[in-house]
>>> print(open('input-v4.pdb').read())   # PDB, C-alpha atoms, pLDDT in the B column
ATOM      1  CA  MET S 444     175.251 133.627  11.142  1.00 97.00           C
ATOM      2  CA  PHE S 445     176.739 132.755  14.512  1.00 97.00           C
ATOM      3  CA  GLU S 446     180.119 133.702  15.979  1.00 98.00           C
ATOM      4  CA  HIS S 447     182.009 131.290  18.241  1.00 98.00           C
ATOM      5  CA  LEU S 448     184.885 132.752  20.283  1.00 98.00           C
ATOM      6  CA  VAL S 449     187.196 130.617  22.393  1.00 98.00           C
ATOM      7  CA  LEU S 450     190.188 131.474  24.590  1.00 98.00           C
ATOM      8  CA  PHE S 451     192.405 128.672  25.876  1.00 98.00           C
ATOM      9  CA  LYS S 452     194.471 128.770  29.059  1.00 97.00           C
ATOM     10  CA  PHE S 453     197.054 126.020  29.446  1.00 97.00           C
ATOM     11  CA  ASN S 454     198.659 124.479  32.503  1.00 97.00           C
ATOM     12  CA  ALA S 455     202.333 123.823  33.319  1.00 95.00           C
ATOM     13  CA  ASN S 456     202.356 120.703  31.086  1.00 97.00           C
ATOM     14  CA  TYR S 457     201.858 122.867  27.989  1.00 96.00           C
ATOM     15  CA  ASP S 458     204.896 123.353  25.766  1.00 95.00           C
ATOM     16  CA  PRO S 459     204.590 126.687  23.904  1.00 93.00           C
ATOM     17  CA  ALA S 460     206.332 125.056  20.940  1.00 94.00           C
ATOM     18  CA  THR S 461     203.084 123.117  20.324  1.00 93.00           C
ATOM     19  CA  GLY S 462     201.120 126.340  19.803  1.00 94.00           C
ATOM     20  CA  PRO S 463     201.600 126.394  16.018  1.00 95.00           C
ATOM     21  CA  ARG S 464     200.508 122.751  15.781  1.00 96.00           C
ATOM     22  CA  LEU S 465     197.330 123.543  17.712  1.00 97.00           C
ATOM     23  CA  VAL S 466     196.621 126.550  15.476  1.00 97.00           C
ATOM     24  CA  GLU S 467     197.152 124.402  12.372  1.00 97.00           C
ATOM     25  CA  ALA S 468     194.721 121.802  13.726  1.00 97.00           C
ATOM     26  CA  LEU S 469     192.100 124.483  14.394  1.00 98.00           C
ATOM     27  CA  LEU S 470     192.467 126.050  10.957  1.00 98.00           C
ATOM     28  CA  SER S 471     192.041 122.631   9.343  1.00 97.00           C
ATOM     29  CA  PHE S 472     188.391 122.641  10.497  1.00 98.00           C
ATOM     30  CA  LYS S 473     187.424 124.805   7.494  1.00 96.00           C
ATOM     31  CA  GLY S 474     186.353 122.591   4.642  1.00 92.00           C
ATOM     32  CA  GLU S 475     186.127 119.563   6.928  1.00 96.00           C
ATOM     33  CA  ILE S 476     183.386 120.624   9.338  1.00 98.00           C
ATOM     34  CA  PRO S 477     180.168 121.650   7.593  1.00 97.00           C
ATOM     35  CA  GLY S 478     178.727 125.089   8.219  1.00 98.00           C
ATOM     36  CA  ILE S 479     181.987 126.970   8.859  1.00 98.00           C
ATOM     37  CA  VAL S 480     182.031 130.230   6.920  1.00 98.00           C
ATOM     38  CA  GLN S 481     185.283 131.624   8.291  1.00 98.00           C
ATOM     39  CA  ILE S 482     187.852 130.652  10.905  1.00 98.00           C
ATOM     40  CA  THR S 483     190.851 132.339  12.484  1.00 98.00           C
ATOM     41  CA  ALA S 484     193.110 131.121  15.256  1.00 98.00           C
ATOM     42  CA  GLY S 485     196.397 132.174  16.752  1.00 97.00           C
ATOM     43  CA  VAL S 486     198.746 132.390  19.681  1.00 95.00           C
ATOM     44  CA  ASN S 487     197.989 135.442  21.838  1.00 92.00           C
ATOM     45  CA  GLU S 488     200.496 138.245  21.270  1.00 90.00           C
ATOM     46  CA  THR S 489     198.671 140.977  23.170  1.00 86.00           C
ATOM     47  CA  GLU S 490     200.698 143.741  24.717  1.00 88.00           C
ATOM     48  CA  GLU S 491     197.944 144.231  27.307  1.00 89.00           C
ATOM     49  CA  THR S 492     199.718 141.935  29.754  1.00 84.00           C
ATOM     50  CA  ASP S 493     197.537 143.075  32.678  1.00 83.00           C
ATOM     51  CA  ASN S 494     194.544 141.540  30.892  1.00 82.00           C
ATOM     52  CA  ILE S 495     195.961 138.306  29.441  1.00 84.00           C
ATOM     53  CA  ARG S 496     195.139 136.230  32.561  1.00 92.00           C
ATOM     54  CA  GLY S 497     197.061 133.272  31.151  1.00 90.00           C
ATOM     55  CA  TYR S 498     194.963 132.795  28.005  1.00 95.00           C
ATOM     56  CA  THR S 499     197.446 132.070  25.262  1.00 94.00           C
ATOM     57  CA  LEU S 500     195.459 130.709  22.305  1.00 97.00           C
ATOM     58  CA  GLY S 501     192.438 132.234  20.604  1.00 98.00           C
ATOM     59  CA  LEU S 502     189.874 130.896  18.139  1.00 98.00           C
ATOM     60  CA  ARG S 503     187.115 132.620  16.182  1.00 98.00           C
ATOM     61  CA  VAL S 504     184.709 130.640  14.020  1.00 98.00           C
ATOM     62  CA  THR S 505     181.844 132.072  12.002  1.00 98.00           C
ATOM     63  CA  PHE S 506     179.092 129.534  11.366  1.00 98.00           C
ATOM     64  CA  GLU S 507     176.283 129.677   8.807  1.00 97.00           C
ATOM     65  CA  ASN S 508     173.713 129.390  11.572  1.00 97.00           C
ATOM     66  CA  LYS S 509     173.152 128.202  15.126  1.00 97.00           C
ATOM     67  CA  GLU S 510     172.453 124.642  13.997  1.00 98.00           C
ATOM     68  CA  ALA S 511     175.894 124.466  12.331  1.00 98.00           C
ATOM     69  CA  LEU S 512     177.408 125.593  15.643  1.00 98.00           C
ATOM     70  CA  ARG S 513     175.486 122.845  17.452  1.00 97.00           C
ATOM     71  CA  GLN S 514     176.772 120.207  15.022  1.00 97.00           C
ATOM     72  CA  TYR S 515     180.366 121.421  15.414  1.00 98.00           C
ATOM     73  CA  GLY S 516     180.861 120.249  19.018  1.00 96.00           C
ATOM     74  CA  PRO S 517     180.325 116.535  18.460  1.00 97.00           C
ATOM     75  CA  HIS S 518     181.996 116.495  15.014  1.00 98.00           C
ATOM     76  CA  PRO S 519     184.892 113.953  14.946  1.00 97.00           C
ATOM     77  CA  LYS S 520     187.396 116.564  13.697  1.00 97.00           C
ATOM     78  CA  HIS S 521     186.547 118.827  16.649  1.00 98.00           C
ATOM     79  CA  GLN S 522     186.687 115.902  19.060  1.00 97.00           C
ATOM     80  CA  ASP S 523     190.158 114.996  17.741  1.00 97.00           C
ATOM     81  CA  PHE S 524     191.271 118.522  18.644  1.00 97.00           C
ATOM     82  CA  VAL S 525     189.727 118.227  22.099  1.00 97.00           C
ATOM     83  CA  GLN S 526     191.836 115.101  22.624  1.00 97.00           C
ATOM     84  CA  MET S 527     194.968 117.110  21.743  1.00 96.00           C
ATOM     85  CA  LEU S 528     194.233 119.260  24.809  1.00 97.00           C
ATOM     86  CA  THR S 529     194.226 116.335  27.245  1.00 97.00           C
ATOM     87  CA  GLY S 530     196.584 117.041  30.122  1.00 97.00           C
ATOM     88  CA  ILE S 531     197.498 120.579  29.028  1.00 97.00           C
ATOM     89  CA  LEU S 532     194.265 122.570  29.322  1.00 97.00           C
ATOM     90  CA  ASP S 533     193.683 124.601  32.470  1.00 97.00           C
ATOM     91  CA  ASN S 534     190.634 126.629  31.448  1.00 97.00           C
ATOM     92  CA  VAL S 535     188.617 127.750  28.462  1.00 97.00           C
ATOM     93  CA  VAL S 536     186.298 130.699  27.879  1.00 97.00           C
ATOM     94  CA  VAL S 537     183.607 130.472  25.201  1.00 98.00           C
ATOM     95  CA  ALA S 538     181.222 133.087  23.807  1.00 98.00           C
ATOM     96  CA  ASP S 539     178.632 132.335  21.116  1.00 98.00           C
ATOM     97  CA  TYR S 540     176.399 135.011  19.666  1.00 98.00           C
ATOM     98  CA  PRO S 541     174.348 135.761  16.563  1.00 98.00           C
ATOM     99  CA  ILE S 542     175.947 138.205  14.178  1.00 95.00           C
ATOM    100  CA  GLN S 543     173.723 141.249  13.766  1.00 83.00           C
TER     101      GLN S 543
END
>>> encode(input="input-v4.pdb", output="structure tokens")
Amino acid sequence: MFEHLVLFKFNANYDPATGPRLVEALLSFKGEIPGIVQITAGVNETEETDNIRGYTLGLRVTFENKEALRQYGPHPKHQDFVQMLTGILDNVVVADYPIQ
């Protein structure tokens, strides 16, 4: 299996009220994008404010294998989500690794 971690940092155009809509869109990937075993997403509520660095939305997806992860990026459902970020995304951090 492969783990896919993503942290999103938004710019001044981002309205925090849209956070739940973004989370809902991310969670809808399960059952629609092949190869997803498990998915979690949420608005960052960390109390470690010295370490937040502006990243306010997190995503974790467990894929069946690396090939499923590769197929995820170009999938239309994922691309629809990417379009939702147009004009509001400042930065993103991604980590992908095999689960031992």
>>> residues_around(input="input-v4.pdb", residues="segment 447-459 of chain S", least_positions_apart="2", cutoff="12 Å", atoms="all atoms listed in the file", output="number ranges by chain")
S: 444-445, 461-466, 469, 479-487, 495-509, 511-513, 515-516, 525, 527-542
>>> closest_residue(input="input-v4.pdb", among="S:Thr489, S:His521, S:Ala460, S:Glu510", to="Ile476 of chain S", atoms="only C-alpha atoms")
S:His521
>>> axis_aligned_box(input="input-v4.pdb", around="segment 461-464 of chain S", padding_each_side="4 Å", output="lines of an AutoDock Vina configuration file")
center_x = 201.8
center_y = 124.6
center_z = 18.1
size_x = 10.6
size_y = 11.6
size_z = 12.5
>>> closest_residue(input="input-v4.pdb", among="S:Thr492, S:Lys520, S:Gln543, S:Gln526", to="Gly474 of chain S", atoms="all atoms listed in the file")
S:Lys520
>>> atom_distance(input="input-v4.pdb", atom1="atom CA of Gly478 of chain S", atom2="atom CA of Gln514 of chain S")
8.6 Å
>>> atom_distance(input="input-v4.pdb", atom1="atom CA of Glu491 of chain S", atom2="atom CA of Glu467 of chain S")
24.8 Å
